[in-house]
Amino acid sequence: MRYFLELRYLGGAYFGWQRQPDMPTVQQTLEQALATLLRLPVELTGAGRTDTGVNASYYVAHFDAPQPVAEPEKLLRKLNFMLPGDIAVDSLTPVADGAHARFDAREREYRYFLEPLKNPFTRHLSWQYYVPLDVDRMNEAAAMLLEFDDFTSFAKLNSNNKTNICRIMHAAWTADEHGVLRFTIRADRFLRNMVRALVGTLVDVGRGRYTPEEFRDIVASRNLSRSSAGAPAQGLFLSDVRYPAEVFERRSFRGEREQR
């Protein structure tokens, strides 16, 4: 019997999603809690990797159980009680045996938060950047991403990607009434460190280091040495994973507050 989990986590205490030897990860923490409750070994498959320190306001993983889970709502309450405060599981849903949290995902969305003022209450959830930025220029450059499909310029070295091809459907900056900037990007897949490298380079467009056309040249060059340093991890959130309706439909609440 296969189950999908919908969950959220803050990544500051973890070395990413994926299990690693002798390092705390979200996957390992969840697997240990589930194994204790179900009294059998549990192996989770996630929708994708998130790197060290990166957050998820929405994440999906699946696991298999030899028989149906008795009283799933009760199990969910016990699971959240056992988990540390920086991980929350929102749903436990039976799905078809062939449903796959990673391979069936058709779109993924990330959001990056950048604040122009010092704020001690959100310093672990955003990049506090005090240099004035031209958001119009940043959006002009971000729109160019939809013209490309090869993002080698923003791919981390030695990440063993079979391809650096990604299809971006949306990329844009918005600002709220407090001046907090939010970069939202949606694609069929992302390369390791890609979003943080994109944000770092787009911020350099906003502060005048590059023009939008020079940004286009950086993307087209397929040369990692030309992109800027990656933005800090704490401002990045995986915010959505989308599946065909016949595979899985999102159940957990999605409000604006949930995106932080």
# chains A, B, ... in the order shown; residues from 1 in each chain; ligands from 1
$ residues_around --residues "Leu191 in chain A" --least-positions-apart "6" --cutoff "10 Å" --atoms "only C-alpha atoms" --output "NGL selection string"
:A and (49 or 151-152 or 154-156 or 159 or 161 or 163-166)
$ write_last_selection --atoms "C-alpha atoms" --output "PDB file, in the first residue's frame"
ATOM      1  CA  ARG A  49      16.185  17.446  -3.070  1.00  0.00           C
ATOM      2  CA  PHE A 151      20.649  26.472 -17.421  1.00  0.00           C
ATOM      3  CA  THR A 152      24.228  25.265 -17.200  1.00  0.00           C
ATOM      4  CA  PHE A 154      23.370  28.152 -12.839  1.00  0.00           C
ATOM      5  CA  ALA A 155      24.131  24.461 -12.288  1.00  0.00           C
ATOM      6  CA  LYS A 156      26.361  23.460  -9.396  1.00  0.00           C
ATOM      7  CA  SER A 159      26.187  17.550  -9.258  1.00  0.00           C
ATOM      8  CA  ASN A 161      23.036  16.004 -13.651  1.00  0.00           C
ATOM      9  CA  THR A 163      20.920  17.101 -18.333  1.00  0.00           C
ATOM     10  CA  ASN A 164      20.798  20.806 -17.509  1.00  0.00           C
ATOM     11  CA  ILE A 165      17.593  21.264 -19.490  1.00  0.00           C
ATOM     12  CA  CYS A 166      14.664  22.780 -17.584  1.00  0.00           C
TER      13      CYS A 166
END
$ select_by_dssp --residues "range 9-235 of chain A" --states "helix (DSSP H, G or I)" --output "ChimeraX atom specification"
/A:26-38,72-82,135-147,152-154,194-206,212-221,224-226,233-235
$ residues_around --residues "range 87-98 of chain A" --least-positions-apart "5" --cutoff "6 Å" --atoms "only C-alpha atoms" --output "CSV table (one decimal) with all heavy atoms, in the first residue's frame"
chain,number,residue,atom,x,y,z
A,2,ARG,N,0.6,2.1,-1.0
A,2,ARG,CA,1.5,3.3,-1.1
A,2,ARG,C,0.7,4.6,-0.5
A,2,ARG,O,-0.5,4.7,-0.7
A,2,ARG,CB,1.9,3.6,-2.5
A,2,ARG,CG,2.7,4.8,-2.7
A,2,ARG,CD,3.5,4.7,-4.0
A,2,ARG,NE,4.6,3.7,-3.9
A,2,ARG,CZ,5.5,3.5,-4.8
A,2,ARG,NH1,5.5,4.2,-5.9
A,2,ARG,NH2,6.4,2.5,-4.7
A,3,TYR,N,1.5,5.4,0.2
A,3,TYR,CA,0.9,6.6,0.8
A,3,TYR,C,1.7,7.8,0.4
A,3,TYR,O,3.0,7.8,0.3
A,3,TYR,CB,0.9,6.5,2.3
A,3,TYR,CG,-0.1,5.5,2.8
A,3,TYR,CD1,0.2,4.2,3.0
A,3,TYR,CD2,-1.4,5.9,3.2
A,3,TYR,CE1,-0.7,3.3,3.5
A,3,TYR,CE2,-2.3,5.0,3.6
A,3,TYR,CZ,-2.0,3.7,3.8
A,3,TYR,OH,-2.9,2.8,4.3
A,4,PHE,N,1.0,8.9,0.1
A,4,PHE,CA,1.7,10.2,-0.1
A,4,PHE,C,1.6,11.0,1.2
A,4,PHE,O,0.5,11.0,1.9
A,4,PHE,CB,1.0,11.0,-1.2
A,4,PHE,CG,1.6,10.8,-2.5
A,4,PHE,CD1,2.2,9.7,-2.9
A,4,PHE,CD2,1.5,11.8,-3.5
A,4,PHE,CE1,2.8,9.4,-4.1
A,4,PHE,CE2,2.0,11.6,-4.8
A,4,PHE,CZ,2.7,10.5,-5.1
A,5,LEU,N,2.7,11.7,1.6
A,5,LEU,CA,2.7,12.6,2.7
A,5,LEU,C,2.8,14.0,2.2
A,5,LEU,O,3.6,14.3,1.3
A,5,LEU,CB,3.9,12.3,3.7
A,5,LEU,CG,3.9,11.0,4.5
A,5,LEU,CD1,5.3,10.9,5.2
A,5,LEU,CD2,2.8,11.0,5.5
A,6,GLU,N,2.0,14.9,2.7
A,6,GLU,CA,2.2,16.4,2.5
A,6,GLU,C,2.8,17.0,3.8
A,6,GLU,O,2.3,16.7,4.9
A,6,GLU,CB,0.9,17.1,2.1
A,6,GLU,CG,0.3,16.6,0.8
A,6,GLU,CD,-1.0,17.3,0.6
A,6,GLU,OE1,-2.0,17.0,1.3
A,6,GLU,OE2,-1.2,18.1,-0.4
A,7,LEU,N,3.9,17.7,3.6
A,7,LEU,CA,4.6,18.2,4.8
A,7,LEU,C,5.2,19.6,4.6
A,7,LEU,O,5.3,20.1,3.4
A,7,LEU,CB,5.6,17.2,5.3
A,7,LEU,CG,6.7,16.9,4.3
A,7,LEU,CD1,8.1,17.0,4.9
A,7,LEU,CD2,6.5,15.4,3.8
A,8,ARG,N,5.7,20.2,5.7
A,8,ARG,CA,6.4,21.5,5.7
A,8,ARG,C,7.5,21.4,6.6
A,8,ARG,O,7.5,20.7,7.6
A,8,ARG,CB,5.4,22.6,6.1
A,8,ARG,CG,4.2,22.9,5.2
A,8,ARG,CD,3.2,23.7,5.9
A,8,ARG,NE,2.5,23.0,7.0
A,8,ARG,CZ,1.9,23.6,8.0
A,8,ARG,NH1,1.9,24.9,8.1
A,8,ARG,NH2,1.2,22.8,8.9
A,9,TYR,N,8.6,22.1,6.3
A,9,TYR,CA,9.7,22.1,7.3
A,9,TYR,C,10.6,23.4,7.1
A,9,TYR,O,10.6,24.0,6.0
A,9,TYR,CB,10.6,20.9,7.1
A,9,TYR,CG,11.2,20.6,5.7
A,9,TYR,CD1,12.3,21.2,5.3
A,9,TYR,CD2,10.5,19.7,4.9
A,9,TYR,CE1,12.9,20.9,4.1
A,9,TYR,CE2,11.0,19.4,3.6
A,9,TYR,CZ,12.2,20.0,3.2
A,9,TYR,OH,12.8,19.7,2.0
$ closest_residue --among "A:Ser227, A:Tyr210, A:Phe190, A:Thr184" --to "Tyr110 in chain A" --atoms "only C-alpha atoms"
A:Thr184
$ residues_around --residues "range 241-243 of chain A" --least-positions-apart "3" --cutoff "7 Å" --atoms "only C-alpha atoms" --output "list in words"
Tyr59, Asp104, Ala105, Arg106, Glu107, Arg108, Glu109, Val247, Phe248 and Glu249 of chain A
$ residues_around --residues "Glu43 in chain A" --least-positions-apart "6" --cutoff "9 Å" --atoms "only C-alpha atoms" --output "ChimeraX atom specification"
/A:27-28,31,35,62-64
$ select_by_dssp --residues "range 5-226 of chain A" --states "strand (DSSP E or B)" --output "ChimeraX atom specification"
/A:5-9,20,23,45-46,55-64,87-95,107-115,127-128,150,165,168-175,181-187
$ closest_residue --among "A:Leu202, A:Ala70, A:Val60, A:Val26" --to "Asp240 in chain A" --atoms "only C-alpha atoms"
A:Val60
$ closest_residue --among "A:Asp217, A:Glu71, A:Asp176, A:Asp188" --to "Pro116 in chain A" --atoms "only C-alpha atoms"
A:Asp176
$ closest_residue --among "A:Leu157, A:Leu30, A:Ala233, A:Met23" --to "Gly46 in chain A" --atoms "only C-alpha atoms"
A:Leu30
$ residues_around --residues "Ala229 in chain A" --least-positions-apart "2" --cutoff "12 Å" --atoms "only C-alpha atoms" --output "ChimeraX atom specification"
/A:153-156,193-204,224-227,231-233
$ closest_residue --among "A:Ala33, A:Leu44, A:Met138, A:Met1" --to "Gln18 in chain A" --atoms "only C-alpha atoms"
A:Leu44
$ closest_residue --among "A:Gln20, A:Ser239, A:Asn55, A:Ser228" --to "Ser252 in chain A" --atoms "only C-alpha atoms"
A:Ser239
$ residues_around --residues "range 50-52 of chain A" --least-positions-apart "6" --cutoff "8 Å" --atoms "only C-alpha atoms" --output "PDB file with all heavy atoms, in the first residue's frame"
ATOM      1  N   GLY A  11      14.431  24.436   7.160  1.00  0.00           N
ATOM      2  CA  GLY A  11      15.623  23.661   6.857  1.00  0.00           C
ATOM      3  C   GLY A  11      16.871  24.036   7.626  1.00  0.00           C
ATOM      4  O   GLY A  11      17.916  23.410   7.445  1.00  0.00           O
ATOM      5  N   GLY A  12      16.789  25.021   8.502  1.00  0.00           N
ATOM      6  CA  GLY A  12      17.990  25.533   9.153  1.00  0.00           C
ATOM      7  C   GLY A  12      18.771  24.505   9.945  1.00  0.00           C
ATOM      8  O   GLY A  12      20.004  24.596  10.041  1.00  0.00           O
ATOM      9  N   TYR A  14      18.959  21.272   9.279  1.00  0.00           N
ATOM     10  CA  TYR A  14      19.157  20.039   8.515  1.00  0.00           C
ATOM     11  C   TYR A  14      20.105  20.240   7.335  1.00  0.00           C
ATOM     12  O   TYR A  14      20.181  21.319   6.755  1.00  0.00           O
ATOM     13  CB  TYR A  14      17.799  19.530   7.996  1.00  0.00           C
ATOM     14  CG  TYR A  14      16.822  19.286   9.115  1.00  0.00           C
ATOM     15  CD1 TYR A  14      15.842  20.231   9.415  1.00  0.00           C
ATOM     16  CD2 TYR A  14      16.894  18.143   9.900  1.00  0.00           C
ATOM     17  CE1 TYR A  14      14.951  20.036  10.462  1.00  0.00           C
ATOM     18  CE2 TYR A  14      16.012  17.934  10.948  1.00  0.00           C
ATOM     19  CZ  TYR A  14      15.050  18.885  11.224  1.00  0.00           C
ATOM     20  OH  TYR A  14      14.185  18.679  12.259  1.00  0.00           O
ATOM     21  N   PHE A  15      20.769  19.144   6.986  1.00  0.00           N
ATOM     22  CA  PHE A  15      21.637  19.133   5.811  1.00  0.00           C
ATOM     23  C   PHE A  15      20.826  18.716   4.590  1.00  0.00           C
ATOM     24  O   PHE A  15      21.169  17.763   3.879  1.00  0.00           O
ATOM     25  CB  PHE A  15      22.827  18.199   6.044  1.00  0.00           C
ATOM     26  CG  PHE A  15      23.854  18.742   6.993  1.00  0.00           C
ATOM     27  CD1 PHE A  15      23.657  18.673   8.365  1.00  0.00           C
ATOM     28  CD2 PHE A  15      25.002  19.366   6.526  1.00  0.00           C
ATOM     29  CE1 PHE A  15      24.589  19.185   9.258  1.00  0.00           C
ATOM     30  CE2 PHE A  15      25.946  19.889   7.397  1.00  0.00           C
ATOM     31  CZ  PHE A  15      25.734  19.801   8.771  1.00  0.00           C
ATOM     32  N   GLY A  16      19.729  19.415   4.369  1.00  0.00           N
ATOM     33  CA  GLY A  16      18.875  19.148   3.228  1.00  0.00           C
ATOM     34  C   GLY A  16      17.856  18.062   3.500  1.00  0.00           C
ATOM     35  O   GLY A  16      17.709  17.557   4.613  1.00  0.00           O
ATOM     36  N   TRP A  17      17.122  17.706   2.446  1.00  0.00           N
ATOM     37  CA  TRP A  17      16.111  16.655   2.546  1.00  0.00           C
ATOM     38  C   TRP A  17      16.750  15.279   2.604  1.00  0.00           C
ATOM     39  O   TRP A  17      16.421  14.461   3.450  1.00  0.00           O
ATOM     40  CB  TRP A  17      15.151  16.706   1.350  1.00  0.00           C
ATOM     41  CG  TRP A  17      14.446  15.392   1.125  1.00  0.00           C
ATOM     42  CD1 TRP A  17      14.793  14.393   0.253  1.00  0.00           C
ATOM     43  CD2 TRP A  17      13.304  14.901   1.838  1.00  0.00           C
ATOM     44  NE1 TRP A  17      13.945  13.322   0.370  1.00  0.00           N
ATOM     45  CE2 TRP A  17      13.016  13.606   1.338  1.00  0.00           C
ATOM     46  CE3 TRP A  17      12.497  15.424   2.853  1.00  0.00           C
ATOM     47  CZ2 TRP A  17      11.951  12.832   1.814  1.00  0.00           C
ATOM     48  CZ3 TRP A  17      11.435  14.657   3.323  1.00  0.00           C
ATOM     49  CH2 TRP A  17      11.170  13.380   2.811  1.00  0.00           C
ATOM     50  N   GLN A  18      17.663  15.006   1.691  1.00  0.00           N
ATOM     51  CA  GLN A  18      18.120  13.634   1.446  1.00  0.00           C
ATOM     52  C   GLN A  18      19.011  13.080   2.540  1.00  0.00           C
ATOM     53  O   GLN A  18      19.910  13.758   3.034  1.00  0.00           O
ATOM     54  CB  GLN A  18      18.857  13.574   0.100  1.00  0.00           C
ATOM     55  CG  GLN A  18      19.209  12.171  -0.342  1.00  0.00           C
ATOM     56  CD  GLN A  18      19.642  12.152  -1.794  1.00  0.00           C
ATOM     57  OE1 GLN A  18      19.008  12.748  -2.651  1.00  0.00           O
ATOM     58  NE2 GLN A  18      20.732  11.464  -2.078  1.00  0.00           N
ATOM     59  N   ARG A 192      20.439  21.503  -9.038  1.00  0.00           N
ATOM     60  CA  ARG A 192      20.933  21.768  -7.696  1.00  0.00           C
ATOM     61  C   ARG A 192      21.537  23.170  -7.625  1.00  0.00           C
ATOM     62  O   ARG A 192      22.337  23.557  -8.470  1.00  0.00           O
ATOM     63  CB  ARG A 192      21.984  20.715  -7.323  1.00  0.00           C
ATOM     64  CG  ARG A 192      22.429  20.789  -5.882  1.00  0.00           C
ATOM     65  CD  ARG A 192      23.395  19.680  -5.547  1.00  0.00           C
ATOM     66  NE  ARG A 192      23.844  19.758  -4.171  1.00  0.00           N
ATOM     67  CZ  ARG A 192      24.804  19.000  -3.654  1.00  0.00           C
ATOM     68  NH1 ARG A 192      25.416  18.103  -4.403  1.00  0.00           N
ATOM     69  NH2 ARG A 192      25.148  19.140  -2.398  1.00  0.00           N
ATOM     70  N   ASN A 193      21.112  23.947  -6.669  1.00  0.00           N
ATOM     71  CA  ASN A 193      21.592  25.316  -6.416  1.00  0.00           C
ATOM     72  C   ASN A 193      21.133  26.324  -7.466  1.00  0.00           C
ATOM     73  O   ASN A 193      21.522  27.499  -7.419  1.00  0.00           O
ATOM     74  CB  ASN A 193      23.125  25.344  -6.325  1.00  0.00           C
ATOM     75  CG  ASN A 193      23.640  26.502  -5.495  1.00  0.00           C
ATOM     76  OD1 ASN A 193      23.209  26.692  -4.369  1.00  0.00           O
ATOM     77  ND2 ASN A 193      24.560  27.283  -6.053  1.00  0.00           N
ATOM     78  N   ALA A 233      20.761  30.431   1.794  1.00  0.00           N
ATOM     79  CA  ALA A 233      19.762  29.360   1.761  1.00  0.00           C
ATOM     80  C   ALA A 233      18.489  29.708   2.512  1.00  0.00           C
ATOM     81  O   ALA A 233      17.393  29.289   2.118  1.00  0.00           O
ATOM     82  CB  ALA A 233      20.370  28.077   2.340  1.00  0.00           C
ATOM     83  N   LEU A 238      10.761  25.783  -1.071  1.00  0.00           N
ATOM     84  CA  LEU A 238       9.978  25.010  -2.030  1.00  0.00           C
ATOM     85  C   LEU A 238       8.522  25.230  -1.648  1.00  0.00           C
ATOM     86  O   LEU A 238       8.131  24.952  -0.501  1.00  0.00           O
ATOM     87  CB  LEU A 238      10.341  23.529  -1.961  1.00  0.00           C
ATOM     88  CG  LEU A 238       9.514  22.596  -2.847  1.00  0.00           C
ATOM     89  CD1 LEU A 238       9.711  22.916  -4.327  1.00  0.00           C
ATOM     90  CD2 LEU A 238       9.867  21.139  -2.573  1.00  0.00           C
TER      91      LEU A 238
END
$ atom_distance --atom1 "CA of Phe113 in chain A" --atom2 "CA of Phe237 in chain A"
8.4 Å
$ atom_distance --atom1 "CA of Thr211 in chain A" --atom2 "CA of Leu236 in chain A"
24.2 Å
$ decode --residues "range 58-189 of chain A" --atoms "C-alpha atoms" --output "PDB file, in the first residue's frame"
ATOM      1  CA  TYR A  58       5.041  22.459   0.761  1.00  0.00           C
ATOM      2  CA  TYR A  59       6.689  19.104   0.122  1.00  0.00           C
ATOM      3  CA  VAL A  60       5.496  15.655  -0.942  1.00  0.00           C
ATOM      4  CA  ALA A  61       6.998  12.244  -0.214  1.00  0.00           C
ATOM      5  CA  HIS A  62       5.754   8.673  -0.506  1.00  0.00           C
ATOM      6  CA  PHE A  63       6.347   5.387   1.290  1.00  0.00           C
ATOM      7  CA  ASP A  64       5.047   1.826   1.067  1.00  0.00           C
ATOM      8  CA  ALA A  65       3.419  -0.180   3.850  1.00  0.00           C
ATOM      9  CA  PRO A  66       2.756  -3.919   3.665  1.00  0.00           C
ATOM     10  CA  GLN A  67      -0.862  -3.349   4.715  1.00  0.00           C
ATOM     11  CA  PRO A  68      -3.230  -0.384   5.041  1.00  0.00           C
ATOM     12  CA  VAL A  69      -2.439   2.020   7.861  1.00  0.00           C
ATOM     13  CA  ALA A  70      -4.987   1.655  10.637  1.00  0.00           C
ATOM     14  CA  GLU A  71      -6.536   4.940  11.802  1.00  0.00           C
ATOM     15  CA  PRO A  72      -4.447   7.250   9.574  1.00  0.00           C
ATOM     16  CA  GLU A  73      -5.644  10.440  11.316  1.00  0.00           C
ATOM     17  CA  LYS A  74      -4.531   9.057  14.656  1.00  0.00           C
ATOM     18  CA  LEU A  75      -1.175   8.094  13.167  1.00  0.00           C
ATOM     19  CA  LEU A  76      -0.811  11.620  11.776  1.00  0.00           C
ATOM     20  CA  ARG A  77      -1.371  13.162  15.210  1.00  0.00           C
ATOM     21  CA  LYS A  78       1.161  10.819  16.798  1.00  0.00           C
ATOM     22  CA  LEU A  79       3.659  11.504  14.021  1.00  0.00           C
ATOM     23  CA  ASN A  80       3.478  15.265  14.519  1.00  0.00           C
ATOM     24  CA  PHE A  81       3.850  14.790  18.257  1.00  0.00           C
ATOM     25  CA  MET A  82       7.046  12.796  17.740  1.00  0.00           C
ATOM     26  CA  LEU A  83       8.596  15.072  15.142  1.00  0.00           C
ATOM     27  CA  PRO A  84      10.633  18.155  16.105  1.00  0.00           C
ATOM     28  CA  GLY A  85       8.890  21.508  15.932  1.00  0.00           C
ATOM     29  CA  ASP A  86      10.479  22.432  12.593  1.00  0.00           C
ATOM     30  CA  ILE A  87       8.761  19.592  10.665  1.00  0.00           C
ATOM     31  CA  ALA A  88       4.975  19.262  10.270  1.00  0.00           C
ATOM     32  CA  VAL A  89       3.076  16.603   8.317  1.00  0.00           C
ATOM     33  CA  ASP A  90      -0.302  17.817   7.021  1.00  0.00           C
ATOM     34  CA  SER A  91      -1.783  14.749   5.355  1.00  0.00           C
ATOM     35  CA  LEU A  92      -1.403  11.005   4.846  1.00  0.00           C
ATOM     36  CA  THR A  93      -3.194   9.845   1.698  1.00  0.00           C
ATOM     37  CA  PRO A  94      -3.418   6.386   0.091  1.00  0.00           C
ATOM     38  CA  VAL A  95      -2.568   6.508  -3.623  1.00  0.00           C
ATOM     39  CA  ALA A  96      -2.176   4.066  -6.501  1.00  0.00           C
ATOM     40  CA  ASP A  97       0.732   1.644  -6.113  1.00  0.00           C
ATOM     41  CA  GLY A  98       2.500   3.187  -9.122  1.00  0.00           C
ATOM     42  CA  ALA A  99       2.176   6.819  -7.986  1.00  0.00           C
ATOM     43  CA  HIS A 100       5.604   8.389  -7.505  1.00  0.00           C
ATOM     44  CA  ALA A 101       6.317  11.560  -5.515  1.00  0.00           C
ATOM     45  CA  ARG A 102       9.315  12.465  -7.664  1.00  0.00           C
ATOM     46  CA  PHE A 103       8.783  11.088 -11.154  1.00  0.00           C
ATOM     47  CA  ASP A 104       5.075  11.952 -11.424  1.00  0.00           C
ATOM     48  CA  ALA A 105       5.605  15.605 -10.434  1.00  0.00           C
ATOM     49  CA  ARG A 106       4.941  17.856 -13.435  1.00  0.00           C
ATOM     50  CA  GLU A 107       5.775  21.246 -11.942  1.00  0.00           C
ATOM     51  CA  ARG A 108       7.686  22.545  -8.946  1.00  0.00           C
ATOM     52  CA  GLU A 109       7.618  26.056  -7.544  1.00  0.00           C
ATOM     53  CA  TYR A 110      10.142  27.906  -5.401  1.00  0.00           C
ATOM     54  CA  ARG A 111       9.818  31.245  -3.654  1.00  0.00           C
ATOM     55  CA  TYR A 112      12.683  33.385  -2.431  1.00  0.00           C
ATOM     56  CA  PHE A 113      12.216  36.181   0.121  1.00  0.00           C
ATOM     57  CA  LEU A 114      14.427  39.255   0.335  1.00  0.00           C
ATOM     58  CA  GLU A 115      13.937  42.026   2.901  1.00  0.00           C
ATOM     59  CA  PRO A 116      15.308  45.562   2.576  1.00  0.00           C
ATOM     60  CA  LEU A 117      15.402  46.223   6.340  1.00  0.00           C
ATOM     61  CA  LYS A 118      16.839  44.457   9.357  1.00  0.00           C
ATOM     62  CA  ASN A 119      14.199  42.317  11.043  1.00  0.00           C
ATOM     63  CA  PRO A 120      15.285  40.048  13.914  1.00  0.00           C
ATOM     64  CA  PHE A 121      12.070  38.012  13.663  1.00  0.00           C
ATOM     65  CA  THR A 122      12.567  36.926  10.038  1.00  0.00           C
ATOM     66  CA  ARG A 123      16.340  36.803   9.755  1.00  0.00           C
ATOM     67  CA  HIS A 124      16.211  32.988   9.492  1.00  0.00           C
ATOM     68  CA  LEU A 125      13.524  33.144   6.794  1.00  0.00           C
ATOM     69  CA  SER A 126      14.826  35.732   4.343  1.00  0.00           C
ATOM     70  CA  TRP A 127      17.890  37.398   2.912  1.00  0.00           C
ATOM     71  CA  GLN A 128      18.159  40.796   4.550  1.00  0.00           C
ATOM     72  CA  TYR A 129      19.750  42.897   1.853  1.00  0.00           C
ATOM     73  CA  TYR A 130      20.098  46.631   2.352  1.00  0.00           C
ATOM     74  CA  VAL A 131      21.270  47.865  -1.058  1.00  0.00           C
ATOM     75  CA  PRO A 132      18.497  49.579  -3.096  1.00  0.00           C
ATOM     76  CA  LEU A 133      17.325  47.398  -5.994  1.00  0.00           C
ATOM     77  CA  ASP A 134      15.625  48.195  -9.286  1.00  0.00           C
ATOM     78  CA  VAL A 135      12.825  45.615  -9.303  1.00  0.00           C
ATOM     79  CA  ASP A 136      11.684  46.564 -12.825  1.00  0.00           C
ATOM     80  CA  ARG A 137      15.126  45.671 -14.202  1.00  0.00           C
ATOM     81  CA  MET A 138      15.094  42.435 -12.205  1.00  0.00           C
ATOM     82  CA  ASN A 139      11.713  41.512 -13.690  1.00  0.00           C
ATOM     83  CA  GLU A 140      12.881  42.394 -17.183  1.00  0.00           C
ATOM     84  CA  ALA A 141      15.779  39.985 -16.725  1.00  0.00           C
ATOM     85  CA  ALA A 142      13.655  37.296 -15.045  1.00  0.00           C
ATOM     86  CA  ALA A 143      11.232  37.279 -17.981  1.00  0.00           C
ATOM     87  CA  MET A 144      14.134  36.315 -20.251  1.00  0.00           C
ATOM     88  CA  LEU A 145      14.452  32.974 -18.455  1.00  0.00           C
ATOM     89  CA  LEU A 146      11.388  31.724 -20.317  1.00  0.00           C
ATOM     90  CA  GLU A 147      13.331  32.027 -23.589  1.00  0.00           C
ATOM     91  CA  PHE A 148      15.879  29.386 -22.540  1.00  0.00           C
ATOM     92  CA  ASP A 149      15.934  25.727 -21.615  1.00  0.00           C
ATOM     93  CA  ASP A 150      19.631  25.113 -20.830  1.00  0.00           C
ATOM     94  CA  PHE A 151      20.649  26.472 -17.421  1.00  0.00           C
ATOM     95  CA  THR A 152      24.228  25.265 -17.200  1.00  0.00           C
ATOM     96  CA  SER A 153      25.201  28.797 -16.110  1.00  0.00           C
ATOM     97  CA  PHE A 154      23.370  28.152 -12.839  1.00  0.00           C
ATOM     98  CA  ALA A 155      24.131  24.461 -12.288  1.00  0.00           C
ATOM     99  CA  LYS A 156      26.361  23.460  -9.396  1.00  0.00           C
ATOM    100  CA  LEU A 157      29.595  21.752 -10.427  1.00  0.00           C
ATOM    101  CA  ASN A 158      29.912  17.995  -9.886  1.00  0.00           C
ATOM    102  CA  SER A 159      26.187  17.550  -9.258  1.00  0.00           C
ATOM    103  CA  ASN A 160      25.969  14.607 -11.688  1.00  0.00           C
ATOM    104  CA  ASN A 161      23.036  16.004 -13.651  1.00  0.00           C
ATOM    105  CA  LYS A 162      22.162  13.917 -16.695  1.00  0.00           C
ATOM    106  CA  THR A 163      20.920  17.101 -18.333  1.00  0.00           C
ATOM    107  CA  ASN A 164      20.798  20.806 -17.509  1.00  0.00           C
ATOM    108  CA  ILE A 165      17.593  21.264 -19.490  1.00  0.00           C
ATOM    109  CA  CYS A 166      14.664  22.780 -17.584  1.00  0.00           C
ATOM    110  CA  ARG A 167      11.385  24.274 -18.806  1.00  0.00           C
ATOM    111  CA  ILE A 168      10.543  27.436 -16.858  1.00  0.00           C
ATOM    112  CA  MET A 169       6.884  28.494 -16.983  1.00  0.00           C
ATOM    113  CA  HIS A 170       6.985  31.520 -14.678  1.00  0.00           C
ATOM    114  CA  ALA A 171       9.622  33.756 -13.090  1.00  0.00           C
ATOM    115  CA  ALA A 172       8.803  37.125 -11.491  1.00  0.00           C
ATOM    116  CA  TRP A 173       9.511  39.441  -8.566  1.00  0.00           C
ATOM    117  CA  THR A 174       6.788  41.074  -6.484  1.00  0.00           C
ATOM    118  CA  ALA A 175       6.917  43.420  -3.490  1.00  0.00           C
ATOM    119  CA  ASP A 176       4.494  43.651  -0.574  1.00  0.00           C
ATOM    120  CA  GLU A 177       3.423  46.777   1.322  1.00  0.00           C
ATOM    121  CA  HIS A 178       6.509  46.521   3.548  1.00  0.00           C
ATOM    122  CA  GLY A 179       8.927  46.348   0.637  1.00  0.00           C
ATOM    123  CA  VAL A 180       9.663  42.635   1.104  1.00  0.00           C
ATOM    124  CA  LEU A 181      10.579  41.153  -2.272  1.00  0.00           C
ATOM    125  CA  ARG A 182       9.404  37.712  -3.327  1.00  0.00           C
ATOM    126  CA  PHE A 183      10.805  35.878  -6.322  1.00  0.00           C
ATOM    127  CA  THR A 184       8.516  33.116  -7.597  1.00  0.00           C
ATOM    128  CA  ILE A 185       9.775  30.631 -10.164  1.00  0.00           C
ATOM    129  CA  ARG A 186       7.963  27.587 -11.543  1.00  0.00           C
ATOM    130  CA  ALA A 187       9.448  24.868 -13.778  1.00  0.00           C
ATOM    131  CA  ASP A 188       9.198  21.198 -14.604  1.00  0.00           C
ATOM    132  CA  ARG A 189      12.480  20.594 -12.759  1.00  0.00           C
TER     133      ARG A 189
END
